[in-house]
Amino acid sequence: MGITARLTDGRTIQLEDRAINSGAEKTVFFTRDRRHVVGFFYGKLADRLERVDRLTRILTKYNPTTGRQGEYWAPYYCWPTGVVDGDRGIPEQFARQHSLVWPVLGVMAPTYRSQFFFTDRLGQRQEKEVKWFTGRKAGALVPESERGSLLTRLQICTRLARAVRRMHFAGLAHSDLSNKNVLIDPKSGDACVIDIDSLVVPGVAPPAVLGTPGYIAPEVLAGRAKPSIDTDKHALAVLIYQILLHRHPLQGKKVHSTRSAEEDETLSMGARALFVEHPTDRSNPSVVPIVTPFARLGPHLEALFIKTFVHGLHVPGRRADAAEWELALYRTLNQIHPLPSGRQWAVVGPGLAFGDPATGERVTAPVPIARYLRDAGDRLIDERQTLTIFHNLVLHVWHTRAGIWPDEHASRVPQGYFSQHGGKWWMVNLTDTPMRVIDGPRIERNGSIELVPGLAVRMTDDALPARVLQFDFLHPQ
Amino acid sequence: MSTRRLPVYILADVSGSMQGTPIESVKSGIRQLHRDLMGDPQAIESAYLSVITFANSAAQLTPLTEVAAFAPPDLTASGNTNFGDALRMLLECFDRELMRTTPEQKGDWKPLVFILSDGAPTDTAWPMYAQQLRDRRPANIIAVACGDQADVNALKQVTEVVLQMHDVTPDAFRAFFSFVSASVKTTSAKVGAVADGSSITLPPPPPGITIVP
């Protein structure tokens with residue numbers, strides 16, 4: 001048997017009458033073609049008018065998945081596509097049977113893409129919630145082939161940061177970013193933000209929910225603030241830390257109240273929250289042993305974790321924003337190097353160890369790197385970034401030009417590549433634009449140059465400031 | 001111990017009147033609950049399950065066990081409804097199994113307890129233990145009265161949250177155990193959410209089961 005529901009935009013949809021599940025606010029049903037789901041609010045809804053107002057704006061004015069670049073952004077979110085509002089939406093008897101708010105209010109959204117499901121070790125199909133990939137016990141049920149690598153996990157974090165950055169630039173706060181409200185696929189490096197309907201929309205009162213424990217910003221738990229873009233920054237940093245390091249940044253051993261677990265937790269995550277890897281205050285050591293300290297992720301992410309969990313933990317304005325995370329993640333992705341087994345990756349760069357502390361696997365051969373310099377005409381300015389080079393690494397415009405990032409605007413056309421051949425390292429130009437060795441020859445299309453310490457190459461013939469790569473070799477300790 | 005535990009106790013009436021379909025439904029309900037929780041990574045990390053049964057006396061069939069290691073117990077129905085011994089056993093398990101928060105250690109979340117009963121207590125000691133549970137409030141307790149013979153008032157002495165299952169059918173039990181797993185999932189995800197953390201939010205009761213006001 002099916003249920004007919006009417007959307008506010010006039011469309012009619014057919015729903016299955018058995019609920020898939022019940023969340024904290026909504027009971028969810030499939031459409032009969034199973035391409036969409038509709039979540040109906042149950043129980044009581046105190047702020048109905050605001051909800052409707054918020055949903056309307058989310059569907060229209062603030063919707064990044066429609067209009068220009070809509071296609072680029074669509075896979076980043078499970079953005080709502082329709083609303084059921086009012087007593088003519090569905091049969092009253094059906095609403096009563098499921099204790100739905102009456103008149104009903106429901107939100108339609110696309111079904112999750114197939115890569116966000118996996119088959120666990122018991123043969124059950126599961127949604128790829130973050131917790132499967134960060135929890136010790138849950139992780140034991142995840143097949144090896146689904147666990148991904150540092151590379152795919154950095155890609156996941158990049159996509160999350162980019163998705164959140166896009167919302168924040170539009171003035172939207174997600175307000176409930178958490179391990180329940182994003183799906184990740186460590187196998188492919190994909191990620192998707194879900195549960196979009198509690199977004200804080202400019203001009204509409206914020207939602208009543210404070211968020212999900214573990215991701216609620218300290219000032220919100222302490223009752224001093226409401227969810228906002230600043231509190232999203234905290235949640236985003238917690239997620240990135242967890243996905244990359246498999247532990248929670250604030251879950252330490254320090255006990256703040258012996259009256260109840262609930263009170264202790266509120267203080268540990270709220271007013272008295274303290275980073276488990278605080279560089280000077282060691283009083284809250286992580287509840288799980290730390291094998292990979294956060295500094296092992298390289299200087300770019302290290303700086304932002306310090307910024308967010310040390311300086312910004314109780315000072316929201318000092319937290320790193322989503323765009324900074326995105327940039328730091330691009331820079332970190334420029335520093336990863338495959339490990340000899342071919343399955344895992346490590347961040348390799350000046351001053352960093354040559355392997356993965358978790359497995360003990362190490363890179364044993366010298367690794368070529370390129371320092372980024374900016375040609376300002378009369379001098380070369382150090383951009384304080386390095387590119388770690390490995391066999392078959394492809395060069396893109398974000399490597400060859402200053403000020404370009406692998407975001408929604410960048411071209412994906414290969415510009416060149418690196419290759420190890422005959423015991424030597426080479427860089428090959430794949431474009432019609434010659435590269436120029438400083439005080440040396442030009443490298444035309446399909447031409448190559450051997451990498452030697454000190455070699456400096458102007459990557460494009462652009463007007464200033466152009467990017468210069470200066471090569472060097474790191475040697476295993 | 002990486003994260004706090006969420007202890008979940010199931011207190012099932014296995015007196016003679018539960019024989020046949022009801023006891024089989026409870027058994028398959030516990031198996032279904034376990035399957036459901038194995039699909040929730042948050043519950044796998046934090047939830048711990050225990051099954052206590054009561055008839056002539058109470059017995060803890062499964063000590064508090066993490067979800068991944070839990071094996072649903074076999075149940076048989078016969079005898080009286082020694083509700084007092086069930087509550088005594090529950091309090092004893094709390095004392096023995098729960099980790100308290102101390103200055104050195106993060107203790108357990110407040111336990112979730114689900115009591116199923118289809119009859120009236122046959123002992124006389126139960127009001128004393130019910131009083132203790134009401135006074136100490138060591139847990140969030142949800143009781144379900146299975147059918148019209150269940151003593152709703154006795155359950156009300158233990159907790160404010162009493163559900164009434166009208167028709168004692170396999171479907172009703174299945175729906176109830178879905179509600180149990182939804183409650184455990186919501187609680188394991190939401191514990192500590194609000195500053196006044198004492199109350200928990202439960203999902204809506206399933207069709208055929210109503211909240212006794």
# chains A, B, ... in the order shown; residues from 1 in each chain; ligands from 1
>>> residues_around(residues="range 51-57 of chain B", least_positions_apart="2", cutoff="9 Å", atoms="only C-alpha atoms", output="PyMOL selection string")
chain B and resi 8-16+30+49+59-64+72-73+75+77-86+89-90+122
>>> interface_residues(of="chain A", to="chain B", cutoff="6 Å", atoms="only C-alpha atoms", output="PyMOL selection string")
chain A and resi 97+131-132+137-138+213+255+258+261-262+287-288
>>> residues_around(residues="Gln115 in chain A", least_positions_apart="5", cutoff="10 Å", atoms="only C-alpha atoms", output="list of chain:residue names")
A:Glu127, A:Lys128, A:Leu183, A:Ile184, A:Asp185, A:Pro186, A:Lys187, A:Ser188, A:Asp190, A:Ala191
>>> write_last_selection(atoms="C-alpha atoms", output="mmCIF file, in the first residue's frame")
data_model
loop_
_atom_site.group_PDB
_atom_site.id
_atom_site.type_symbol
_atom_site.label_atom_id
_atom_site.label_comp_id
_atom_site.auth_asym_id
_atom_site.auth_seq_id
_atom_site.Cartn_x
_atom_site.Cartn_y
_atom_site.Cartn_z
ATOM 1 C CA GLU A 127 25.241 3.732 5.720
ATOM 2 C CA LYS A 128 28.763 5.119 5.811
ATOM 3 C CA LEU A 183 28.522 10.604 5.085
ATOM 4 C CA ILE A 184 32.035 9.685 4.009
ATOM 5 C CA ASP A 185 33.460 7.116 1.629
ATOM 6 C CA PRO A 186 37.091 6.425 2.537
ATOM 7 C CA LYS A 187 37.313 4.033 -0.397
ATOM 8 C CA SER A 188 36.939 6.806 -2.990
ATOM 9 C CA ASP A 190 34.007 11.175 -1.308
ATOM 10 C CA ALA A 191 31.933 13.001 1.313
#
>>> select_by_dssp(residues="range 8-195 of chain B", states="alpha helix (DSSP H)", output="ChimeraX atom specification")
/B:21-37,41-46,83-97,126-136,152-158,170-190
>>> select_by_dssp(residues="range 47-128 of chain A", states="strand (DSSP E or B)", output="VMD selection string")
chain A and resid 77 82 to 86 100 104 to 110 117 to 119 125 to 127
>>> write_last_selection(atoms="N, CA and C atoms", output="compact mmCIF listing (two decimals), in the first residue's frame")
# COMPACT_ATOMS: atom_id res chain seq x y z
N TYR A 77 26.22 17.73 -1.12
CA TYR A 77 25.17 17.81 -0.10
C TYR A 77 24.04 16.85 -0.44
N GLY A 82 12.11 19.30 -1.69
CA GLY A 82 10.68 19.60 -1.62
C GLY A 82 10.19 19.59 -0.18
N VAL A 83 8.99 20.19 0.01
CA VAL A 83 8.40 20.27 1.35
C VAL A 83 6.94 19.83 1.28
N VAL A 84 6.53 19.05 2.27
CA VAL A 84 5.11 18.71 2.44
C VAL A 84 4.62 19.51 3.64
N ASP A 85 3.63 20.37 3.41
CA ASP A 85 3.22 21.28 4.49
C ASP A 85 1.70 21.40 4.50
N GLY A 86 1.07 20.96 5.58
CA GLY A 86 -0.36 21.22 5.71
C GLY A 86 -1.20 19.96 5.78
N LEU A 100 2.77 11.73 13.84
CA LEU A 100 3.37 12.88 13.16
C LEU A 100 2.71 14.17 13.62
N VAL A 104 0.72 18.01 8.91
CA VAL A 104 2.07 17.47 8.74
C VAL A 104 3.05 18.50 8.19
N LEU A 105 4.33 18.27 8.53
CA LEU A 105 5.42 19.02 7.92
C LEU A 105 6.50 18.01 7.58
N GLY A 106 6.85 17.94 6.31
CA GLY A 106 7.85 16.95 5.90
C GLY A 106 8.85 17.55 4.92
N VAL A 107 10.04 16.99 4.87
CA VAL A 107 11.10 17.47 3.99
C VAL A 107 11.53 16.34 3.09
N MET A 108 11.54 16.60 1.78
CA MET A 108 11.99 15.58 0.84
C MET A 108 13.45 15.84 0.46
N ALA A 109 14.22 14.78 0.36
CA ALA A 109 15.62 14.90 -0.05
C ALA A 109 15.99 13.67 -0.86
N PRO A 110 17.06 13.77 -1.68
CA PRO A 110 17.44 12.60 -2.48
C PRO A 110 17.93 11.46 -1.59
N PHE A 117 27.13 3.48 0.98
CA PHE A 117 26.71 2.27 1.70
C PHE A 117 27.82 1.24 1.57
N PHE A 118 27.95 0.41 2.58
CA PHE A 118 28.90 -0.71 2.47
C PHE A 118 28.28 -1.93 3.12
N THR A 119 28.87 -3.08 2.85
CA THR A 119 28.41 -4.33 3.46
C THR A 119 29.38 -4.68 4.57
N ARG A 125 23.95 -4.33 5.02
CA ARG A 125 24.20 -3.10 4.29
C ARG A 125 24.11 -1.93 5.27
N GLN A 126 25.12 -1.11 5.33
CA GLN A 126 25.17 -0.01 6.29
C GLN A 126 25.46 1.31 5.61
N GLU A 127 24.89 2.38 6.16
CA GLU A 127 25.24 3.73 5.72
C GLU A 127 26.63 4.08 6.23
>>> residues_around(residues="Arg272 in chain A", least_positions_apart="5", cutoff="12 Å", atoms="only C-alpha atoms", output="list in words")
Ala217, Pro218, Glu219, Leu221, Ala222, Leu250, Gln251, Gly252, Lys254, Val255, His256, Ser257, Glu263, Asp264, Glu265, Thr266, Leu267, Ser283, Asn284, Leu313 and His314 of chain A
>>> closest_residue(among="A:Gly89, A:Pro206, A:Pro340, A:Gly135", to="Arg51 in chain A", atoms="only C-alpha atoms")
A:Pro206
>>> atom_distance(atom1="CA of Arg88 in chain B", atom2="CA of Tyr129 in chain B")
6.2 Å
>>> atom_distance(atom1="CA of Leu430 in chain A", atom2="CA of His399 in chain A")
13.4 Å
>>> atom_distance(atom1="CA of Gly214 in chain A", atom2="CA of Val180 in chain B")
23.4 Å
>>> closest_residue(among="A:Gln470, A:Ser99, A:Thr280, A:Thr460", to="Ile369 in chain A", atoms="only C-alpha atoms")
A:Gln470
>>> closest_residue(among="B:Thr76, B:Thr210, B:Gln19, B:Thr159", to="Gln131 in chain B", atoms="only C-alpha atoms")
B:Thr159
